[in-house]
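Novice: Sharing target-v6.pdb here; it has PDB, C-alpha atoms.
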MODEL        1
ATOM      1  CA  MET A  21       2.948 -16.420  -6.530
ATOM      2  CA  SER A  22       0.782 -15.291  -9.428
ATOM      3  CA  ARG A  23      -2.442 -13.923  -7.960
ATOM      4  CA  LEU A  24      -1.962 -10.702  -9.953
ATOM      5  CA  GLN A  25      -0.432 -12.181 -13.096
ATOM      6  CA  GLY A  26      -1.477 -10.215 -16.168
ATOM      7  CA  LYS A  27      -2.550  -7.143 -14.186
ATOM      8  CA  THR A  28      -1.040  -3.657 -14.333
ATOM      9  CA  ALA A  29      -1.181  -1.487 -11.227
ATOM     10  CA  ILE A  30      -0.376   2.090 -10.254
ATOM     11  CA  ILE A  31       0.653   2.619  -6.626
ATOM     12  CA  THR A  32       0.912   6.182  -5.311
ATOM     13  CA  GLY A  33       3.123   7.059  -2.373
ATOM     14  CA  ALA A  34       5.086   3.966  -3.377
ATOM     15  CA  GLY A  35       8.492   4.989  -2.070
ATOM     16  CA  THR A  36       8.039   4.231   1.620
ATOM     17  CA  GLY A  37       5.830   2.590   4.220
ATOM     18  CA  ILE A  38       2.536   1.058   3.159
ATOM     19  CA  GLY A  39       2.964   2.037  -0.504
ATOM     20  CA  ARG A  40       6.359   0.357  -0.652
ATOM     21  CA  ALA A  41       5.024  -2.833   0.944
ATOM     22  CA  ILE A  42       2.097  -2.960  -1.480
ATOM     23  CA  ALA A  43       4.368  -2.381  -4.492
ATOM     24  CA  LEU A  44       6.697  -5.208  -3.476
ATOM     25  CA  ALA A  45       3.765  -7.544  -2.754
ATOM     26  CA  TYR A  46       2.196  -6.792  -6.132
ATOM     27  CA  ALA A  47       5.503  -7.458  -7.881
ATOM     28  CA  ARG A  48       5.843 -10.799  -6.065
ATOM     29  CA  GLU A  49       2.345 -11.722  -7.210
ATOM     30  CA  GLY A  50       3.173 -11.085 -10.858
ATOM     31  CA  ALA A  51       1.738  -7.607 -11.487
ATOM     32  CA  GLN A  52       3.329  -5.006 -13.706
ATOM     33  CA  ILE A  53       3.688  -1.942 -11.505
ATOM     34  CA  ALA A  54       4.012   1.813 -11.891
ATOM     35  CA  LEU A  55       5.498   3.503  -8.832
ATOM     36  CA  VAL A  56       4.377   7.096  -8.242
ATOM     37  CA  GLY A  57       5.621   9.562  -5.635
ATOM     38  CA  ARG A  58       7.053  13.008  -5.137
ATOM     39  CA  ARG A  59      10.635  11.844  -4.566
ATOM     40  CA  SER A  60      12.316   9.719  -7.211
ATOM     41  CA  GLU A  61      15.161   8.268  -5.107
ATOM     42  CA  PRO A  62      13.030   6.042  -2.823
ATOM     43  CA  LEU A  63      10.943   4.997  -5.839
ATOM     44  CA  HIS A  64      14.063   3.782  -7.626
ATOM     45  CA  ASP A  65      15.081   1.876  -4.481
ATOM     46  CA  VAL A  66      11.702   0.113  -4.446
ATOM     47  CA  ALA A  67      11.963  -0.617  -8.176
ATOM     48  CA  LYS A  68      15.349  -2.261  -7.623
ATOM     49  CA  GLN A  69      13.946  -4.429  -4.812
ATOM     50  CA  ALA A  70      10.875  -5.350  -6.856
ATOM     51  CA  GLY A  71      12.888  -6.567  -9.828
ATOM     52  CA  GLY A  72      11.537  -6.811 -13.324
ATOM     53  CA  SER A  73      10.898  -3.489 -15.022
ATOM     54  CA  PRO A  74       8.704  -1.279 -12.832
ATOM     55  CA  LEU A  75       7.845   2.144 -14.177
ATOM     56  CA  VAL A  76       9.079   4.957 -11.897
ATOM     57  CA  LEU A  77       7.206   8.248 -12.127
ATOM     58  CA  SER A  78       7.736  11.324  -9.972
ATOM     59  CA  GLY A  79       4.634  13.424  -9.572
ATOM     60  CA  ASP A  80       2.143  15.214  -7.350
ATOM     61  CA  VAL A  81      -1.259  13.492  -7.470
ATOM     62  CA  SER A  82      -3.034  16.710  -6.568
ATOM     63  CA  GLN A  83      -1.954  18.211  -9.925
ATOM     64  CA  GLN A  84      -3.951  17.217 -13.008
ATOM     65  CA  SER A  85      -0.944  17.786 -15.289
ATOM     66  CA  ASP A  86       1.097  15.242 -13.312
ATOM     67  CA  ILE A  87      -1.778  12.750 -13.410
ATOM     68  CA  ASP A  88      -2.045  13.119 -17.191
ATOM     69  CA  ARG A  89       1.692  12.517 -17.524
ATOM     70  CA  VAL A  90       1.562   9.421 -15.291
ATOM     71  CA  LEU A  91      -1.313   7.843 -17.204
ATOM     72  CA  SER A  92       0.281   8.593 -20.565
ATOM     73  CA  ALA A  93       3.488   6.877 -19.441
ATOM     74  CA  VAL A  94       1.576   3.855 -18.108
ATOM     75  CA  LYS A  95      -0.322   3.508 -21.379
ATOM     76  CA  ASP A  96       2.876   3.772 -23.418
ATOM     77  CA  ARG A  97       4.711   1.159 -21.310
ATOM     78  CA  PHE A  98       1.972  -1.328 -20.427
ATOM     79  CA  GLY A  99      -0.884  -0.585 -22.800
ATOM     80  CA  GLY A 100      -3.578  -0.509 -20.133
ATOM     81  CA  LEU A 101      -4.426  -0.485 -16.443
ATOM     82  CA  ASN A 102      -6.285  -2.831 -14.085
ATOM     83  CA  VAL A 103      -5.537  -1.606 -10.557
ATOM     84  CA  LEU A 104      -5.044   1.739  -8.834
ATOM     85  CA  VAL A 105      -3.819   2.004  -5.246
ATOM     86  CA  ASN A 106      -4.381   5.490  -3.816
ATOM     87  CA  ASN A 107      -1.896   5.525  -0.960
ATOM     88  CA  ALA A 108      -0.337   9.009  -1.106
ATOM     89  CA  GLY A 109      -1.255  11.016   1.978
ATOM     90  CA  VAL A 110      -0.230  13.633   4.507
ATOM     91  CA  LEU A 111      -0.855  13.940   8.239
ATOM     92  CA  HIS A 112      -0.924  17.144  10.271
ATOM     93  CA  ILE A 113      -1.480  17.005  14.020
ATOM     94  CA  GLY A 114      -3.743  19.454  15.820
ATOM     95  CA  THR A 115      -7.188  20.479  16.939
ATOM     96  CA  ALA A 116      -9.540  22.544  14.778
ATOM     97  CA  GLU A 117      -8.054  25.679  16.371
ATOM     98  CA  GLN A 118      -4.447  24.607  15.945
ATOM     99  CA  ILE A 119      -4.516  23.395  12.327
ATOM    100  CA  THR A 120      -3.571  26.194   9.950
ATOM    101  CA  GLU A 121      -5.436  26.965   6.747
ATOM    102  CA  GLU A 122      -2.370  25.848   4.797
ATOM    103  CA  GLN A 123      -2.283  22.494   6.628
ATOM    104  CA  TRP A 124      -6.022  21.988   6.102
ATOM    105  CA  ASP A 125      -5.742  22.743   2.391
ATOM    106  CA  GLN A 126      -2.718  20.478   1.913
ATOM    107  CA  THR A 127      -4.450  17.623   3.750
ATOM    108  CA  PHE A 128      -7.533  17.772   1.563
ATOM    109  CA  ASN A 129      -5.595  18.490  -1.644
ATOM    110  CA  VAL A 130      -3.512  15.330  -1.274
ATOM    111  CA  ASN A 131      -5.729  12.967   0.734
ATOM    112  CA  VAL A 132      -9.007  13.737  -1.034
ATOM    113  CA  ARG A 133      -8.634  15.899  -4.136
ATOM    114  CA  GLY A 134      -5.655  13.989  -5.506
ATOM    115  CA  LEU A 135      -7.346  10.654  -4.859
ATOM    116  CA  TRP A 136     -10.510  11.877  -6.621
ATOM    117  CA  LEU A 137      -8.617  13.287  -9.607
ATOM    118  CA  LEU A 138      -6.602  10.108 -10.166
ATOM    119  CA  SER A 139      -9.538   7.781  -9.544
ATOM    120  CA  ARG A 140     -11.739   9.451 -12.130
ATOM    121  CA  ALA A 141      -8.843   9.656 -14.592
ATOM    122  CA  VAL A 142      -8.299   5.875 -14.572
ATOM    123  CA  LEU A 143     -11.938   5.002 -15.269
ATOM    124  CA  PRO A 144     -11.595   5.022 -19.095
ATOM    125  CA  PHE A 145      -8.578   2.696 -18.845
ATOM    126  CA  MET A 146     -10.484   0.272 -16.626
ATOM    127  CA  ARG A 147     -13.534   0.347 -18.884
ATOM    128  CA  ALA A 148     -11.292  -0.535 -21.820
ATOM    129  CA  ALA A 149      -9.888  -3.462 -19.801
ATOM    130  CA  GLY A 150     -13.363  -4.762 -18.986
ATOM    131  CA  GLY A 151     -13.156  -3.715 -15.346
ATOM    132  CA  GLY A 152     -10.688  -2.967 -12.605
ATOM    133  CA  SER A 153     -10.053  -2.385  -8.930
ATOM    134  CA  ILE A 154      -9.420   0.892  -7.100
ATOM    135  CA  VAL A 155      -7.937   0.431  -3.633
ATOM    136  CA  ASN A 156      -8.016   3.505  -1.396
ATOM    137  CA  ILE A 157      -5.879   3.657   1.735
ATOM    138  CA  ALA A 158      -8.140   5.363   4.248
ATOM    139  CA  SER A 159      -7.882   5.000   8.039
ATOM    140  CA  VAL A 160      -9.790   3.855  11.088
ATOM    141  CA  LEU A 161      -9.892   7.593  11.850
ATOM    142  CA  GLY A 162     -12.219   7.957   8.889
ATOM    143  CA  ILE A 163     -14.667   5.872  10.950
ATOM    144  CA  ASN A 164     -13.866   6.968  14.519
ATOM    145  CA  GLY A 165     -12.545  10.384  15.504
ATOM    146  CA  ALA A 166      -9.461  11.008  17.620
ATOM    147  CA  ARG A 167      -7.786  13.800  19.512
ATOM    148  CA  ASN A 168      -5.601  16.185  17.511
ATOM    149  CA  ARG A 169      -6.652  14.822  14.121
ATOM    150  CA  ALA A 170      -9.059  17.605  13.119
ATOM    151  CA  SER A 171      -7.920  17.686   9.480
ATOM    152  CA  TYR A 172      -6.639  14.139   8.933
ATOM    153  CA  ALA A 173      -9.704  12.271  10.224
ATOM    154  CA  PRO A 174     -12.227  14.314   8.179
ATOM    155  CA  SER A 175     -10.121  13.779   5.063
ATOM    156  CA  LYS A 176     -10.164  10.016   5.560
ATOM    157  CA  GLY A 177     -13.902  10.106   6.227
ATOM    158  CA  ALA A 178     -14.280  11.790   2.845
ATOM    159  CA  VAL A 179     -12.173   9.036   1.260
ATOM    160  CA  ILE A 180     -14.471   6.349   2.676
ATOM    161  CA  LEU A 181     -17.641   8.029   1.389
ATOM    162  CA  LEU A 182     -16.084   8.702  -2.024
ATOM    163  CA  THR A 183     -15.164   5.000  -2.099
ATOM    164  CA  LYS A 184     -18.781   4.012  -1.489
ATOM    165  CA  CYS A 185     -20.180   6.486  -4.029
ATOM    166  CA  MET A 186     -17.794   5.357  -6.760
ATOM    167  CA  ALA A 187     -18.532   1.709  -5.996
ATOM    168  CA  ILE A 188     -22.248   2.394  -6.515
ATOM    169  CA  ASP A 189     -21.707   4.427  -9.689
ATOM    170  CA  HIS A 190     -19.257   2.079 -11.406
ATOM    171  CA  GLY A 191     -20.119  -1.400 -10.173
ATOM    172  CA  VAL A 192     -22.147  -2.071 -13.326
ATOM    173  CA  GLU A 193     -18.925  -1.514 -15.301
ATOM    174  CA  ASN A 194     -17.122  -4.184 -13.240
ATOM    175  CA  ILE A 195     -15.008  -1.460 -11.631
ATOM    176  CA  ARG A 196     -14.675  -2.207  -7.934
ATOM    177  CA  VAL A 197     -13.749   0.469  -5.372
ATOM    178  CA  ASN A 198     -12.785  -0.391  -1.805
ATOM    179  CA  ALA A 199     -11.031   1.268   1.120
ATOM    180  CA  ILE A 200      -8.537  -0.239   3.542
ATOM    181  CA  CYS A 201      -8.688   1.358   6.989
ATOM    182  CA  PRO A 202      -5.440   0.803   8.905
ATOM    183  CA  SER A 203      -4.864   1.785  12.493
ATOM    184  CA  PHE A 204      -1.395   2.837  13.727
ATOM    185  CA  VAL A 205       1.103   1.303  11.286
ATOM    186  CA  GLU A 206       4.829   1.767  11.788
ATOM    187  CA  THR A 207       5.913   3.930   8.844
ATOM    188  CA  ASP A 208       8.012   7.048   8.337
ATOM    189  CA  LEU A 209       4.824   9.085   8.754
ATOM    190  CA  THR A 210       3.924   7.614  12.133
ATOM    191  CA  ALA A 211       7.572   7.558  13.262
ATOM    192  CA  ASP A 212       7.559  11.321  12.784
ATOM    193  CA  VAL A 213       4.472  11.557  15.018
ATOM    194  CA  LEU A 214       6.301   9.659  17.762
ATOM    195  CA  ARG A 215       9.480  11.719  17.378
ATOM    196  CA  LYS A 216       7.551  14.943  17.936
ATOM    197  CA  ALA A 217       5.838  13.694  21.102
ATOM    198  CA  PRO A 218       7.119  14.972  24.494
ATOM    199  CA  ASP A 219       7.550  11.345  25.625
ATOM    200  CA  PRO A 220       7.794   9.071  22.554
ATOM    201  CA  ALA A 221       8.130   5.872  24.607
ATOM    202  CA  ALA A 222       4.961   6.647  26.578
ATOM    203  CA  VAL A 223       3.023   7.459  23.426
ATOM    204  CA  ARG A 224       4.182   4.222  21.840
ATOM    205  CA  ARG A 225       3.049   2.215  24.892
ATOM    206  CA  GLU A 226      -0.333   3.956  24.789
ATOM    207  CA  ARG A 227      -0.728   3.195  21.068
ATOM    208  CA  VAL A 228       0.091  -0.487  21.595
ATOM    209  CA  SER A 229      -2.339  -0.721  24.527
ATOM    210  CA  VAL A 230      -5.395   0.189  22.400
ATOM    211  CA  HIS A 231      -4.751  -2.683  19.966
ATOM    212  CA  PRO A 232      -6.058  -6.005  21.353
ATOM    213  CA  ILE A 233      -3.606  -7.938  19.203
ATOM    214  CA  GLY A 234      -0.821  -6.432  21.347
ATOM    215  CA  ARG A 235       1.352  -4.746  18.744
ATOM    216  CA  LEU A 236       1.396  -1.944  16.214
ATOM    217  CA  GLY A 237       0.815  -2.685  12.559
ATOM    218  CA  GLN A 238       3.491  -3.282   9.955
ATOM    219  CA  PRO A 239       3.221  -2.218   6.298
ATOM    220  CA  ASP A 240       3.055  -5.871   5.218
ATOM    221  CA  ASP A 241      -0.113  -6.266   7.296
ATOM    222  CA  ILE A 242      -1.822  -3.829   4.923
ATOM    223  CA  ALA A 243      -0.201  -5.184   1.766
ATOM    224  CA  GLY A 244      -1.930  -8.557   2.143
ATOM    225  CA  MET A 245      -5.359  -6.942   2.036
ATOM    226  CA  ALA A 246      -4.293  -4.795  -0.927
ATOM    227  CA  VAL A 247      -3.303  -7.921  -2.859
ATOM    228  CA  TYR A 248      -6.663  -9.526  -2.101
ATOM    229  CA  LEU A 249      -8.613  -6.461  -3.269
ATOM    230  CA  ALA A 250      -6.608  -6.278  -6.519
ATOM    231  CA  SER A 251      -7.057  -9.976  -7.241
ATOM    232  CA  ASP A 252      -9.980 -11.857  -8.767
ATOM    233  CA  GLU A 253     -10.558 -13.436  -5.351
ATOM    234  CA  SER A 254     -12.410 -10.254  -4.338
ATOM    235  CA  SER A 255     -14.567 -10.069  -7.465
ATOM    236  CA  TRP A 256     -17.761  -9.602  -5.388
ATOM    237  CA  VAL A 257     -16.268  -7.086  -2.945
ATOM    238  CA  THR A 258     -16.946  -3.419  -3.607
ATOM    239  CA  GLY A 259     -17.884  -0.359  -1.576
ATOM    240  CA  ALA A 260     -16.290  -1.837   1.544
ATOM    241  CA  ALA A 261     -14.298  -0.022   4.213
ATOM    242  CA  LEU A 262     -12.171  -2.857   5.564
ATOM    243  CA  ALA A 263     -10.481  -2.329   8.921
ATOM    244  CA  VAL A 264      -6.996  -3.822   9.175
ATOM    245  CA  ASP A 265      -6.351  -2.528  12.648
ATOM    246  CA  GLY A 266      -5.223  -5.125  15.171
ATOM    247  CA  GLY A 267      -8.661  -4.931  16.797
ATOM    248  CA  TYR A 268      -8.551  -1.159  17.402
ATOM    249  CA  LEU A 269     -12.189  -0.594  16.396
ATOM    250  CA  ALA A 270     -13.344  -3.538  18.517
ATOM    251  CA  VAL A 271     -12.382  -1.797  21.756
TER     252      VAL A 271
ENDMDL
END
Let me see whether you can do it: turn the structure in this file into structure tokens.
Specialist:
Amino acid sequence: MSRLQGKTAIITGAGTGIGRAIALAYAREGAQIALVGRRSEPLHDVAKQAGGSPLVLSGDVSQQSDIDRVLSAVKDRFGGLNVLVNNAGVLHIGTAEQITEEQWDQTFNVNVRGLWLLSRAVLPFMRAAGGGSIVNIASVLGINGARNRASYAPSKGAVILLTKCMAIDHGVENIRVNAICPSFVETDLTADVLRKAPDPAAVRRERVSVHPIGRLGQPDDIAGMAVYLASDESSWVTGAALAVDGGYLAV
């Protein structure tokens, strides 16, 4: 299990769900990892499960000062950086009329602005390393729209197009940029969506029914693709928006 041996990775939103699964998978594959999130307690739990000596860093990726602090700590501990996983995100439910200005701003500040700020900040580190891989966690809703996702879906669409633009701009530097587009994955975020539904069981059945594979996704389903995109196996893959969705987009 050494597909990422010798690589250093930052994973944002690493305390739960998809970020947690990716962090643990990277650790199993030999990477040195820096775990970033707003709450330190779940990050420390992940660090304990990962073993070794992960770096735990609390911070808000939408704040440049926090990004500077994270990168300084990574440089001091590991000396460089090869992989960035932009997983931190928020989800607000509602139509264009129902979403508040505050919810819209928070969605784009975290899902888009924070991802952009951190992605551009790591470029000098990756140049110094001779290249690198940026893995953005987008969504199938950045490709197809959906009801009551009037802020979330546009934010993920922006992530996909930023992914493509950065891949074009930085490919010559051997810096690859790709997006993973999950469908409905069972995480704390999506569990909250179900809890707030008038009939959670009915909503769950409806969600399962639109996935030809017959089940909802698990965080580990996404982690496998994230390992591939961080590894040298994907050295000719850049600018891609890769659906890991149980067949959702095929319907």
Novice: Applying 7 Å and all atoms listed in the file, which residues near Gly33 of chain A remain after dropping the ones on its own chain fewer than 2 positions away? List them as a list in words.
Specialist: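 Counting only the stated atoms, we get Ile31, Gly35, Thr36, Gly39, Val56, Gly57, Asn107 and Ala108 of chain A.
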Novice: Could you please give me, as a ChimeraX atom specification, the residues of protein, DNA or RNA lying at most 10 Å from (-5.3, 11.1, 3.5) in the coordinate frame of the file, considering all atoms listed in the file?
Specialist: /A:106-111,126-135,156-159,162,171-179
Novice: Work out how far atom CA of Pro74 of chain A is from atom CA of Ile53 of chain A, in Å to one decimal.
Specialist: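 Pair atom CA of Ile53 of chain A / atom CA of Pro74 of chain A returns 5.2 Å.
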Novice: What does the distance between atom CA of Ser203 of chain A and atom CA of Leu161 of chain A come to in Å, to one decimal place?
Specialist: 7.7 Å
Novice: Restricting the calculation to all atoms listed in the file, which member of A:Ala34, A:Ala170, A:Val81, A:Val223 is positioned closest to Leu138 of chain A?
Specialist: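 Of A:Ala34, A:Ala170, A:Val81, A:Val223, the one nearest Leu138 of chain A is A:Val81, counting all atoms listed in the file.
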Novice: So the first atom is atom CA of Leu182 of chain A and the second is atom CA of Ala141 of chain A; what is the distance between them in Å, to one decimal place?
Specialist: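 Those two atoms sit 14.5 Å apart.
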Novice: Within 12 Å of (-0.7, -19.7, -2.9), in the coordinates the file gives, what residues turn up when you count all atoms listed in the file, written out as a PyMOL selection string?
Specialist: chain A and resi 21-24+48-49+248+253
Novice: Restricted to C-alpha atoms, what would the selected residues look like written as an mmCIF file, in the frame of the given file?
Specialist:
data_model
loop_
_atom_site.group_PDB
_atom_site.id
_atom_site.type_symbol
_atom_site.label_atom_id
_atom_site.label_comp_id
_atom_site.auth_asym_id
_atom_site.auth_seq_id
_atom_site.Cartn_x
_atom_site.Cartn_y
_atom_site.Cartn_z
ATOM 1 C CA MET A 21 2.948 -16.420 -6.530
ATOM 2 C CA SER A 22 0.782 -15.291 -9.428
ATOM 3 C CA ARG A 23 -2.442 -13.923 -7.960
ATOM 4 C CA LEU A 24 -1.962 -10.702 -9.953
ATOM 5 C CA ARG A 48 5.843 -10.799 -6.065
ATOM 6 C CA GLU A 49 2.345 -11.722 -7.210
ATOM 7 C CA TYR A 248 -6.663 -9.526 -2.101
ATOM 8 C CA GLU A 253 -10.558 -13.436 -5.351
#
Novice: For each of A:Ala217, A:Val271, A:Ala45, A:Leu63, take the minimum atom-to-atom distance to Ser229 of chain A, counting all atoms listed in the file, then give the residue where this is smallest.
Specialist: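 Closest to Ser229 of chain A of all the choices is A:Val271.
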Novice: Running the PyMOL selection byres ((chain A and resi 260) around 10) on this model by hand, what would come out? Give it as a VMD selection string.
Specialist: chain A and resid 180 to 181 183 to 184 187 196 to 201 257 to 259 261 to 263
Novice: Given only C-alpha atoms as the basis, pick out the residue of A:Ser73, A:Asn168, A:Ser78, A:Asn194 nearest to Ile154 of chain A.
Specialist: A:Asn194
Novice: Written as an MDAnalysis selection string, what is the full residue list that the PyMOL selection byres ((chain A and resi 206) around 8) yields on the file shown?
Specialist: chainID A and resid 37 204:205 207:211 236:239
Novice: Using all atoms listed in the file, pick whichever of A:Trp124, A:Thr32, A:Gly71, A:Ile113 has the shortest atom-to-atom distance to Lys216 of chain A.
Specialist: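 Residue with the minimum atom-to-atom distance to Lys216 of chain A: A:Ile113.
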Novice: Can you tell me, as an MDAnalysis selection string, what residues are no more than 9 Å from Ala243 of chain A when counting all atoms listed in the file, ignoring any on the same chain fewer than 5 positions away?
Specialist: chainID A and resid 38:46 248
Novice: Go ahead and write the residues just picked, C-alpha atoms, as a short mmCIF file (atom, residue, chain, number, x, y, z; two decimals), in the frame of the given file.
Specialist:
data_model
loop_
_atom_site.label_atom_id
_atom_site.label_comp_id
_atom_site.auth_asym_id
_atom_site.auth_seq_id
_atom_site.Cartn_x
_atom_site.Cartn_y
_atom_site.Cartn_z
CA ILE A 38 2.54 1.06 3.16
CA GLY A 39 2.96 2.04 -0.50
CA ARG A 40 6.36 0.36 -0.65
CA ALA A 41 5.02 -2.83 0.94
CA ILE A 42 2.10 -2.96 -1.48
CA ALA A 43 4.37 -2.38 -4.49
CA LEU A 44 6.70 -5.21 -3.48
CA ALA A 45 3.76 -7.54 -2.75
CA TYR A 46 2.20 -6.79 -6.13
CA TYR A 248 -6.66 -9.53 -2.10
#
Novice: For Leu104 of chain A, which residue among A:Arg224, A:Val142, A:His231, A:Ile195 is the nearest when counting only C-alpha atoms?
Specialist: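 When distances to Leu104 of chain A are compared using only C-alpha atoms, the smallest one comes from A:Val142.
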Novice: How big is the axis-aligned box around all listed atoms of segment 77-80 of chain A once 8 Å goes on each side, and where's its centre, in Å to one decimal, as lines of an AutoDock Vina configuration file?
Specialist:
center_x = 4.9
center_y = 11.7
center_z = -9.7
size_x = 21.6
size_y = 23.0
size_z = 20.8
Novice: Please enumerate the residues selected by the PyMOL selection byres ((chain A and resi 145) around 10) when evaluated against the supplied file, formatted as a PyMOL selection string.
Specialist: chain A and resi 91+95+99-103+141-144+146-152
Novice: Under the rule that all atoms listed in the file are counted, which of A:Ile30, A:Ile233, A:Gln84, A:Gln25 is the nearest residue to Gly50 of chain A?
Specialist: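 Going through A:Ile30, A:Ile233, A:Gln84, A:Gln25 one by one, the smallest distance to Gly50 of chain A is for A:Gln25.
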